[in-house]
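The structure file protein26.txt is reproduced below (compact mmCIF, C-alpha atoms).
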# COMPACT_ATOMS: atom_id res chain seq x y z
CA MET K 12 152.65 110.38 94.89
CA ARG K 13 150.07 109.89 97.62
CA THR K 14 148.22 106.61 97.87
CA ALA K 15 145.21 105.29 99.77
CA ALA K 16 144.00 101.80 100.49
CA VAL K 17 141.16 100.10 98.66
CA GLU K 18 138.42 99.31 101.14
CA GLY K 19 136.17 96.31 100.71
CA GLY K 20 132.84 95.06 102.03
CA ASP K 21 131.16 98.46 101.98
CA ALA K 22 127.45 97.66 102.10
CA ARG K 23 126.24 100.99 103.42
CA ALA K 24 122.77 101.96 102.32
CA VAL K 25 121.38 105.47 102.64
CA SER K 26 117.71 105.71 103.63
CA LEU K 27 115.79 107.98 101.27
CA ARG K 28 112.69 109.83 102.46
CA PHE K 29 109.65 110.69 100.35
CA ALA K 30 106.97 113.18 101.40
CA GLY K 31 103.26 112.40 101.59
CA ILE K 32 100.03 113.27 103.40
CA VAL K 33 98.12 110.85 105.62
CA ARG K 34 94.61 110.20 104.36
CA ALA K 35 91.69 107.92 105.17
CA SER K 36 91.76 104.49 103.56
CA GLN K 37 88.00 104.69 102.87
CA ARG K 38 86.94 108.00 101.39
CA ALA K 39 84.51 109.25 98.78
CA THR K 40 83.63 112.41 96.87
CA LEU K 41 79.84 112.41 96.71
CA THR K 42 77.85 113.69 93.71
CA PHE K 43 74.30 113.74 92.39
CA GLN K 44 73.45 111.89 89.19
CA LEU K 45 70.99 114.64 88.27
CA SER K 46 71.12 118.38 87.85
CA GLY K 47 69.14 120.64 90.14
CA THR K 48 69.15 123.23 92.90
CA LEU K 49 70.50 122.24 96.31
CA THR K 50 67.48 122.83 98.52
CA GLU K 51 68.61 121.00 101.68
CA ARG K 52 71.95 120.32 103.29
CA LYS K 53 71.51 118.40 106.51
CA VAL K 54 75.16 118.15 107.64
CA GLU K 55 77.89 120.54 108.68
CA LEU K 56 81.64 120.44 108.18
CA GLY K 57 83.26 117.86 110.45
CA GLN K 58 79.96 116.23 111.39
CA THR K 59 79.92 112.46 111.96
CA VAL K 60 77.32 110.50 109.99
CA GLU K 61 76.17 106.88 109.83
CA VAL K 62 75.57 104.76 106.75
CA GLY K 63 72.25 105.68 105.10
CA ASP K 64 71.93 109.12 106.70
CA VAL K 65 70.44 111.81 104.43
CA LEU K 66 73.11 114.37 103.62
CA ALA K 67 71.49 116.68 101.04
CA ARG K 68 68.63 117.04 98.55
CA ILE K 69 68.22 118.79 95.22
CA TYR K 70 65.11 119.96 93.40
CA SER K 71 64.58 119.28 89.70
CA PRO K 72 61.22 120.36 88.26
CA ALA K 73 61.04 117.48 85.77
CA LEU K 74 61.41 114.57 88.21
CA GLU K 75 57.98 114.36 89.84
CA PRO K 76 55.99 115.04 86.61
CA ALA K 77 58.00 112.31 84.86
CA ARG K 78 57.16 109.86 87.63
CA ASP K 79 53.47 110.80 87.60
CA SER K 80 53.32 110.56 83.81
CA ALA K 81 54.88 107.09 83.86
CA SER K 82 52.44 105.98 86.54
CA ALA K 83 49.43 107.24 84.57
CA ARG K 84 50.69 105.58 81.39
CA LEU K 85 51.03 102.28 83.24
CA ASP K 86 47.46 102.54 84.56
CA GLU K 87 46.14 103.27 81.07
CA LEU K 88 47.92 100.33 79.46
CA THR K 89 46.97 98.00 82.28
CA THR K 90 43.30 98.86 81.79
CA ASN K 91 43.53 98.32 78.02
CA TYR K 92 45.30 95.01 78.52
CA GLN K 93 42.66 93.80 80.94
CA GLN K 94 39.94 94.82 78.47
CA SER K 95 41.68 92.99 75.62
CA GLN K 96 42.02 89.90 77.82
CA ARG K 97 38.26 89.87 78.41
CA GLU K 98 37.59 90.37 74.69
CA TRP K 99 39.80 87.42 73.86
CA GLN K 100 37.97 85.22 76.38
CA ARG K 101 34.57 86.15 74.87
CA ALA K 102 35.85 85.64 71.33
CA SER K 103 37.21 82.23 72.30
CA SER K 104 33.76 81.18 73.53
CA LEU K 105 32.12 82.44 70.33
CA ARG K 106 34.75 80.71 68.22
CA GLU K 107 33.81 77.35 69.77
CA ARG K 108 30.21 77.94 68.60
CA GLY K 109 31.38 79.07 65.13
CA VAL K 110 30.24 82.67 65.49
CA VAL K 111 33.76 84.24 65.31
CA SER K 112 36.31 83.30 62.67
CA GLU K 113 39.79 82.04 63.46
CA GLN K 114 41.32 85.12 61.86
CA ALA K 115 39.35 87.51 64.09
CA LEU K 116 40.38 85.52 67.18
CA GLU K 117 44.04 85.76 66.17
CA GLN K 118 43.77 89.51 65.71
CA ILE K 119 42.29 89.92 69.19
CA ALA K 120 45.05 87.72 70.66
CA ALA K 121 47.76 89.76 68.89
CA ARG K 122 46.35 93.01 70.24
CA ARG K 123 46.23 91.50 73.75
CA ASP K 124 49.85 90.34 73.54
CA GLY K 125 50.99 93.75 72.29
CA LEU K 126 49.27 95.48 75.20
CA ARG K 127 50.88 93.03 77.62
CA ALA K 128 54.31 93.99 76.28
CA SER K 129 53.41 97.66 76.51
CA VAL K 130 52.41 97.19 80.15
CA ALA K 131 55.84 95.67 80.90
CA THR K 132 57.56 98.63 79.18
CA ALA K 133 55.44 101.14 81.10
CA ARG K 134 56.23 99.36 84.37
CA ALA K 135 59.95 99.63 83.62
CA SER K 136 59.56 103.31 82.76
CA LEU K 137 57.79 103.93 86.06
CA ALA K 138 60.55 102.14 87.96
CA GLU K 139 63.16 104.27 86.18
CA ALA K 140 61.29 107.51 86.90
CA SER K 141 60.86 106.54 90.55
CA LYS K 142 64.54 105.68 90.85
CA MET K 143 65.53 108.98 89.27
CA LEU K 144 63.31 110.79 91.75
CA GLU K 145 65.11 109.00 94.60
CA GLU K 146 68.42 110.24 93.20
CA ASN K 147 67.56 113.76 94.33
CA THR K 148 68.47 112.61 97.84
CA LEU K 149 72.15 112.12 98.74
CA LYS K 150 72.80 109.48 101.40
CA ALA K 151 75.96 108.44 103.23
CA PRO K 152 77.44 105.28 101.62
CA PHE K 153 79.38 104.51 104.82
CA GLY K 154 79.83 105.85 108.31
CA GLY K 155 82.38 108.60 108.64
CA ARG K 156 83.10 112.31 108.93
CA VAL K 157 82.22 115.13 106.56
CA GLU K 158 85.62 116.29 105.34
CA ALA K 159 84.59 119.08 102.98
CA LEU K 160 81.45 120.88 101.78
CA LEU K 161 81.89 121.96 98.15
CA VAL K 162 78.46 123.45 97.35
CA GLU K 163 76.35 125.91 99.32
CA GLN K 164 72.58 125.70 99.76
CA ASN K 165 70.42 127.12 96.93
CA GLU K 166 73.27 126.75 94.43
CA PHE K 167 72.72 124.96 91.14
CA VAL K 168 74.43 121.56 91.02
CA ALA K 169 75.28 119.90 87.71
CA ALA K 170 75.13 116.14 87.31
CA GLY K 171 78.40 114.63 88.52
CA GLN K 172 79.56 117.83 90.24
CA PRO K 173 81.29 117.12 93.61
CA VAL K 174 79.08 118.19 96.50
CA MET K 175 80.97 116.98 99.59
CA ARG K 176 83.77 114.65 100.70
CA LEU K 177 83.30 111.92 103.24
CA SER K 178 86.04 109.92 104.99
CA SER K 179 85.93 106.98 107.35
CA PRO K 180 87.89 106.97 110.63
CA LYS K 181 88.73 103.30 110.09
CA GLY K 182 92.14 102.95 108.49
CA ARG K 183 94.85 105.39 107.47
CA GLU K 184 97.22 105.35 104.52
CA VAL K 185 99.77 107.54 102.79
CA GLU K 186 100.67 107.69 99.11
CA VAL K 187 104.16 108.73 98.05
CA ARG K 188 105.61 109.03 94.57
CA VAL K 189 109.02 107.55 93.94
CA PRO K 190 111.38 107.20 90.95
CA VAL K 191 111.00 104.07 88.87
CA TYR K 192 114.24 102.48 90.06
CA MET K 193 113.04 102.62 93.68
CA LEU K 194 110.23 100.18 92.87
CA ASN K 195 112.83 97.41 92.78
CA HIS K 196 113.67 98.03 96.43
CA VAL K 197 110.17 97.54 97.88
CA SER K 198 107.73 94.64 97.90
CA LEU K 199 104.12 94.02 98.93
CA GLY K 200 103.85 93.50 102.67
CA ALA K 201 107.21 95.13 103.40
CA GLU K 202 107.38 97.45 106.41
CA LEU K 203 108.61 101.02 105.93
CA PRO K 204 109.25 103.69 108.59
CA VAL K 205 106.93 106.70 108.50
CA TRP K 206 107.99 109.90 110.29
CA SER K 207 105.72 112.77 111.24
CA VAL K 208 107.07 116.04 109.84
CA GLN K 209 105.35 118.06 112.56
CA ASP K 210 107.14 116.19 115.38
CA ARG K 211 110.49 114.83 114.22
CA SER K 212 111.39 113.71 117.75
CA GLN K 213 108.56 111.18 117.60
CA ALA K 214 109.54 107.59 116.84
CA PRO K 215 108.62 106.46 113.31
CA VAL K 216 105.50 104.41 112.69
CA GLN K 217 105.96 101.15 110.81
CA GLY K 218 103.70 101.16 107.75
CA THR K 219 102.97 98.28 105.38
CA VAL K 220 103.22 98.46 101.60
CA VAL K 221 99.83 97.50 100.12
CA GLU K 222 100.09 98.77 96.52
CA ILE K 223 103.01 99.21 94.14
CA ALA K 224 102.56 100.92 90.78
CA GLN K 225 103.88 99.48 87.54
CA ALA K 226 106.44 101.56 85.69
CA GLY K 227 104.84 103.72 83.02
CA ALA K 228 106.06 104.74 79.58
CA ILE K 229 106.45 108.44 80.40
CA ARG K 230 110.06 109.37 80.93
CA GLY K 231 110.86 110.74 84.38
CA GLU K 232 107.38 110.12 85.76
CA LEU K 233 107.19 109.34 89.47
CA GLN K 234 105.26 106.21 90.41
CA PRO K 235 102.77 105.98 93.32
CA LEU K 236 103.44 103.74 96.29
CA LEU K 237 100.68 103.12 98.85
CA VAL K 238 101.57 102.47 102.50
CA ASN K 239 98.97 101.39 105.07
CA LEU K 240 99.37 102.76 108.60
CA PRO K 241 98.51 101.04 111.91
CA ALA K 242 95.32 102.09 113.68
CA ASN K 243 95.38 104.98 116.15
CA THR K 244 98.78 106.31 115.05
CA LEU K 245 98.69 109.29 112.68
CA ASN K 246 95.66 111.41 111.87
CA ALA K 247 94.45 112.27 108.39
CA GLY K 248 96.02 115.39 106.94
CA VAL K 249 99.33 115.03 108.80
CA PRO K 250 102.40 115.53 106.56
CA VAL K 251 104.80 112.62 106.82
CA GLU K 252 107.95 111.18 105.26
CA VAL K 253 108.24 107.54 104.22
CA GLY K 254 111.70 106.03 104.34
CA ILE K 255 112.95 103.57 101.73
CA THR K 256 116.39 102.00 102.10
CA PRO K 257 117.80 100.71 98.79
CA GLN K 258 119.20 97.21 98.98
CA THR K 259 122.93 97.15 98.27
CA THR K 260 125.65 94.52 98.17
CA ALA K 261 129.28 94.71 99.22
CA ALA K 262 131.61 96.62 96.92
CA LEU K 263 135.15 97.95 96.80
CA THR K 264 135.59 101.67 97.45
CA VAL K 265 138.39 104.06 96.60
CA PRO K 266 138.83 107.82 97.12
CA LEU K 267 136.92 109.92 94.62
CA LEU K 268 140.16 111.67 93.58
CA ALA K 269 141.71 108.34 92.63
CA VAL K 270 139.31 107.78 89.73
CA ILE K 271 140.45 109.31 86.44
CA ARG K 272 138.71 109.45 83.10
CA ASP K 273 140.42 108.16 80.00
CA VAL K 274 140.93 110.83 77.33
CA ASN K 275 139.79 108.69 74.36
CA ALA K 276 136.96 106.92 76.19
CA THR K 277 133.37 107.13 75.09
CA ALA K 278 130.68 108.41 77.46
CA SER K 279 129.75 105.90 80.10
CA PRO K 280 126.13 104.77 80.19
CA ALA K 281 123.87 105.92 82.95
CA PHE K 282 123.79 103.75 86.04
CA ASP K 283 121.40 103.21 88.94
CA PRO K 284 122.73 105.40 91.80
CA THR K 285 121.48 102.92 94.42
CA SER K 286 122.54 99.69 92.74
CA VAL K 287 125.88 98.12 93.63
CA LEU K 288 126.09 95.04 91.48
CA PRO K 289 129.19 92.91 91.17
CA ALA K 290 128.80 92.50 87.39
CA PRO K 291 130.05 95.55 85.43
CA VAL K 292 127.95 97.25 82.81
CA ALA K 293 129.19 96.49 79.29
CA GLY K 294 131.54 99.23 78.16
CA ALA K 295 131.40 101.18 81.41
CA SER K 296 134.96 100.20 82.43
CA LEU K 297 136.35 101.78 79.25
CA GLY K 298 135.84 105.30 80.56
CA THR K 299 137.39 105.30 84.06
CA SER K 300 140.46 103.84 85.70
CA VAL K 301 142.77 104.09 88.72
CA PHE K 302 146.53 103.81 89.21
CA LEU K 303 147.14 100.64 91.19
CA VAL K 304 150.47 100.54 93.05
CA ARG K 305 152.06 97.12 93.60
CA ASP K 306 155.75 96.55 94.36
CA GLY K 307 156.39 100.26 93.83
CA VAL K 308 155.07 100.27 90.25
CA ALA K 309 151.91 102.14 89.15
CA ARG K 310 149.63 100.25 86.79
CA ARG K 311 146.60 101.88 85.14
CA THR K 312 143.66 99.62 85.95
CA PRO K 313 140.18 99.99 84.36
CA VAL K 314 137.32 100.19 86.86
CA THR K 315 133.56 100.55 86.70
CA VAL K 316 132.06 103.33 88.83
CA LEU K 317 128.95 102.05 90.54
CA ARG K 318 128.05 104.63 93.12
CA ILE K 319 129.38 107.77 94.81
CA LEU K 320 129.54 107.51 98.62
CA GLY K 321 130.52 110.93 99.90
CA GLU K 322 134.27 111.33 99.29
CA ARG K 323 134.64 107.73 98.16
CA VAL K 324 133.41 105.80 95.13
CA ALA K 325 132.08 102.26 94.94
CA ILE K 326 133.75 100.49 92.03
CA HIS K 327 134.04 97.12 90.33
CA ALA K 328 137.40 95.84 89.07
CA GLU K 329 138.52 92.32 88.35
CA ILE K 330 142.05 92.56 89.77
CA LEU K 331 141.57 94.93 92.71
CA VAL K 332 141.24 93.54 96.23
CA ALA K 333 140.77 95.15 99.60
CA GLY K 334 144.06 96.57 100.90
CA ASP K 335 145.55 97.48 97.51
CA GLN K 336 147.05 100.96 97.22
CA VAL K 337 145.75 103.40 94.61
CA VAL K 338 147.16 106.84 93.78
CA TYR K 339 144.89 109.77 94.61
CA ALA K 340 147.35 112.74 94.42
CA GLY K 341 150.31 113.61 92.20
CA MET K 342 148.99 111.93 89.03
CA THR K 343 149.65 114.85 86.65
CA LYS K 344 152.69 113.29 84.92
CA LEU K 345 152.17 109.71 86.02
CA VAL K 346 152.05 107.11 83.25
CA ASP K 347 151.47 103.39 83.24
CA GLY K 348 154.54 101.49 84.50
CA ASP K 349 156.22 104.35 86.40
CA THR K 350 158.01 103.61 89.65
CA VAL K 351 156.41 105.62 92.43
CA ILE K 352 157.42 106.65 95.93
CA GLU K 353 154.83 107.86 98.37
CA ALA K 354 155.33 111.53 99.31
CA ALA K 355 155.79 110.89 103.03
CA GLN K 356 158.46 108.24 102.38
CA ALA K 357 160.28 110.52 99.89
CA VAL K 358 160.66 113.22 102.54
CA ARG K 359 162.10 110.75 105.06
CA THR K 360 164.71 109.36 102.58
CA GLN K 361 165.88 112.74 101.19
CA PRO K 362 169.58 113.45 102.29
CA VAL K 363 170.19 116.46 104.53
CA GLU K 364 172.91 118.91 103.38
CA GLY K 365 175.76 119.90 105.73

Would it be possible to restate this file's structure as structure tokens?
Amino acid sequence: MRTAAVEGGDARAVSLRFAGIVRASQRATLTFQLSGTLTERKVELGQTVEVGDVLARIYSPALEPARDSASARLDELTTNYQQSQREWQRASSLRERGVVSEQALEQIAARRDGLRASVATARASLAEASKMLEENTLKAPFGGRVEALLVEQNEFVAAGQPVMRLSSPKGREVEVRVPVYMLNHVSLGAELPVWSVQDRSQAPVQGTVVEIAQAGAIRGELQPLLVNLPANTLNAGVPVEVGITPQTTAALTVPLLAVIRDVNATASPAFDPTSVLPAPVAGASLGTSVFLVRDGVARRTPVTVLRILGERVAIHAEILVAGDQVVYAGMTKLVDGDTVIEAAQAVRTQPVEG
């Protein structure tokens, strides 16, 4: 047999890298709320703009007539309301002298009140038409740089169709998508290294976790993780890698060849490849074991496989301690309780003929 020592206190953690693209923290895809033809485009690709600057205009033939019609309707109703107000005042004077009946005065007052409500409705319609006419002009919601132009001049633009993208130079961030189990190894405010893919010799930038997604119900779906970058470090559009180091605890390790699977064991449940927990998963120790050698006797000892570390395996076992010897070669005919001699020692003790 050949044996190897059980090693303890292995808390090595492998840093995993996830790819992403640097982008502006403040960005927007601008659209018109109305349909029309793009008649003016006042900016070029890459141009810097300030908040409130006019970026583009569209022409819709129904906008100005709708505004003018609403304005004329308001003037008409205002005139009728003013006339009805004067009629009511005259009828009130005649009612005091008994010339006009109370019923006639009430009818005049009802007509006046109805016209007053109609004036308010017409005023609201005019405000809506004027606002819709203003929507034919696209203005910059914040200061930044024109990142993309998606529509050419004289093209028809549908309501809600993206026209251009605008990004602010203030703030950079990167979004990466990670497996669900990795969400347990990050927290809000934690710092993560960010490497530039274009220049791997450059020292990593320390980013800060600002958003962590909640695990969804779709199996295998990657979850977004948002990392904020320091100012004046990486430019937008630069491909990067974000490093996440899973948190691990100390565990015993044995050679991979030392772990054997029991013939009658049921399939072991899936385990987290980055988690090294001291408590075994229920039923997991029924499927794997090692031959522990103490006082020259091999004993089959159940173990729980927690993680593969190259040519070694992190395990959990109640009776194993660091320094114990486990068999990793010559186990073909080995059974529980056999007396074993290590191969190197057997060669030294073999008698020489002659």

Quiz item: Out of K:Val216, K:Ile32, K:Val197, K:Ala151, which residue has the shortest atom-to-atom distance to Val65 (chain K) when counting all atoms listed in the file?
Solution: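 Counting all atoms listed in the file, the residue closest to Val65 (chain K) is K:Ala151.
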
Quiz item: If you count only C-alpha atoms, which residues fall within 9 Å of region 236-253 of chain K, apart from same-chain ones fewer than 2 positions away, as a PyMOL selection string?
Solution: chain K and resi 27-36+180-189+194+202-209+216-224+234+255

Quiz prompt | Distance in Å - CA of Val346 (chain K) versus CA of Thr315 (chain K) | solution = 19.9 Å

Practice problem: Tell me, as a ChimeraX atom specification, which residues lie within 8 Å of region 263-269 of chain K, counting all atoms listed in the file; anything in the same chain fewer than 6 positions away does not count. | Solution: /K:15-21,301-302,319,322-327,332-333,337-340

Quiz prompt | Among listed residues K:Val270, K:Ala102, K:Leu303, K:Leu74, nearest Thr14 (chain K) (using all atoms listed in the file) | solution =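 Of all the options, K:Leu303 lies closest to Thr14 (chain K).
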
Practice problem: Would you list the contacts of Gly348 (chain K) as a list of chain:residue names, taking every protein, DNA or RNA residue within 8 Å and counting only C-alpha atoms, but skipping same-chain residues closer than 4 positions in sequence? | Solution: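 The filter keeps K:Val308, K:Ala309, K:Arg310, K:Arg311.
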
Practice problem: Find the residue from K:Arg211, K:Arg78, K:Arg272, K:Arg52 that sits nearest to Ser141 (chain K); use all atoms listed in the file when measuring. | Solution: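 So, comparing all the options, the nearest one is K:Arg78.
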
Quiz item: Need the neighbours of (80.0, 107.6, 110.2): which residues are at most 7 Å away, counting all atoms listed in the file, as JSON, numbers by chain?
Solution: {"K": [59, 60, 61, 62, 153, 154, 155, 156, 179]}

Take the residues just selected and output them with C-alpha atoms as a PDB file, keeping the file's coordinate frame.
ATOM      1  CA  THR K  59      79.920 112.460 111.960  1.00  0.00           C
ATOM      2  CA  VAL K  60      77.320 110.500 109.990  1.00  0.00           C
ATOM      3  CA  GLU K  61      76.170 106.880 109.830  1.00  0.00           C
ATOM      4  CA  VAL K  62      75.570 104.760 106.750  1.00  0.00           C
ATOM      5  CA  PHE K 153      79.380 104.510 104.820  1.00  0.00           C
ATOM      6  CA  GLY K 154      79.830 105.850 108.310  1.00  0.00           C
ATOM      7  CA  GLY K 155      82.380 108.600 108.640  1.00  0.00           C
ATOM      8  CA  ARG K 156      83.100 112.310 108.930  1.00  0.00           C
ATOM      9  CA  SER K 179      85.930 106.980 107.350  1.00  0.00           C
TER      10      SER K 179
END

Quiz item: Do you know which residues are at most 9 Å from Leu144 (chain K) counting all atoms listed in the file, after dropping those on the same chain fewer than 4 positions away, and could you put them as a count of residues only?
Solution: 8

Let me have the centre and edge lengths of the axis-aligned box enclosing all listed atoms of region 27-33 of chain K with 3 Å padding on every side, in Å to one decimal, as JSON.
{"center_x": 107.0, "center_y": 110.6, "center_z": 103.0, "size_x": 23.7, "size_y": 11.3, "size_z": 11.3}

Self-check item: Exercise: Leu41 (chain K) partners within 7 Å, all atoms listed in the file, chain neighbours under 4 positions left out, as a list in words
Solution: Pro173, Val174, Met175 and Arg176 of chain K

Quiz prompt | Distance of CA of Arg127 (chain K) from CA of Arg108 (chain K), expressed in Å to one decimal place | solution = 27.1 Å

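Interatomic distance, CA of Ile352 (chain K) against CA of Glu329 (chain K): 24.9 Å.
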
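Here the question is which of K:Ile271, K:Ala214, K:Met342, K:Leu88 gets nearest to Asp124 (chain K) using only C-alpha atoms, and that residue is K:Leu88.
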
Quiz prompt | Nearest to Ser129 (chain K) by atom-to-atom distance, counting all atoms listed in the file, from K:Met12, K:Ile330, K:Val111, K:Leu85 | solution =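 Distance minimum relative to Ser129 (chain K) lands on K:Leu85.
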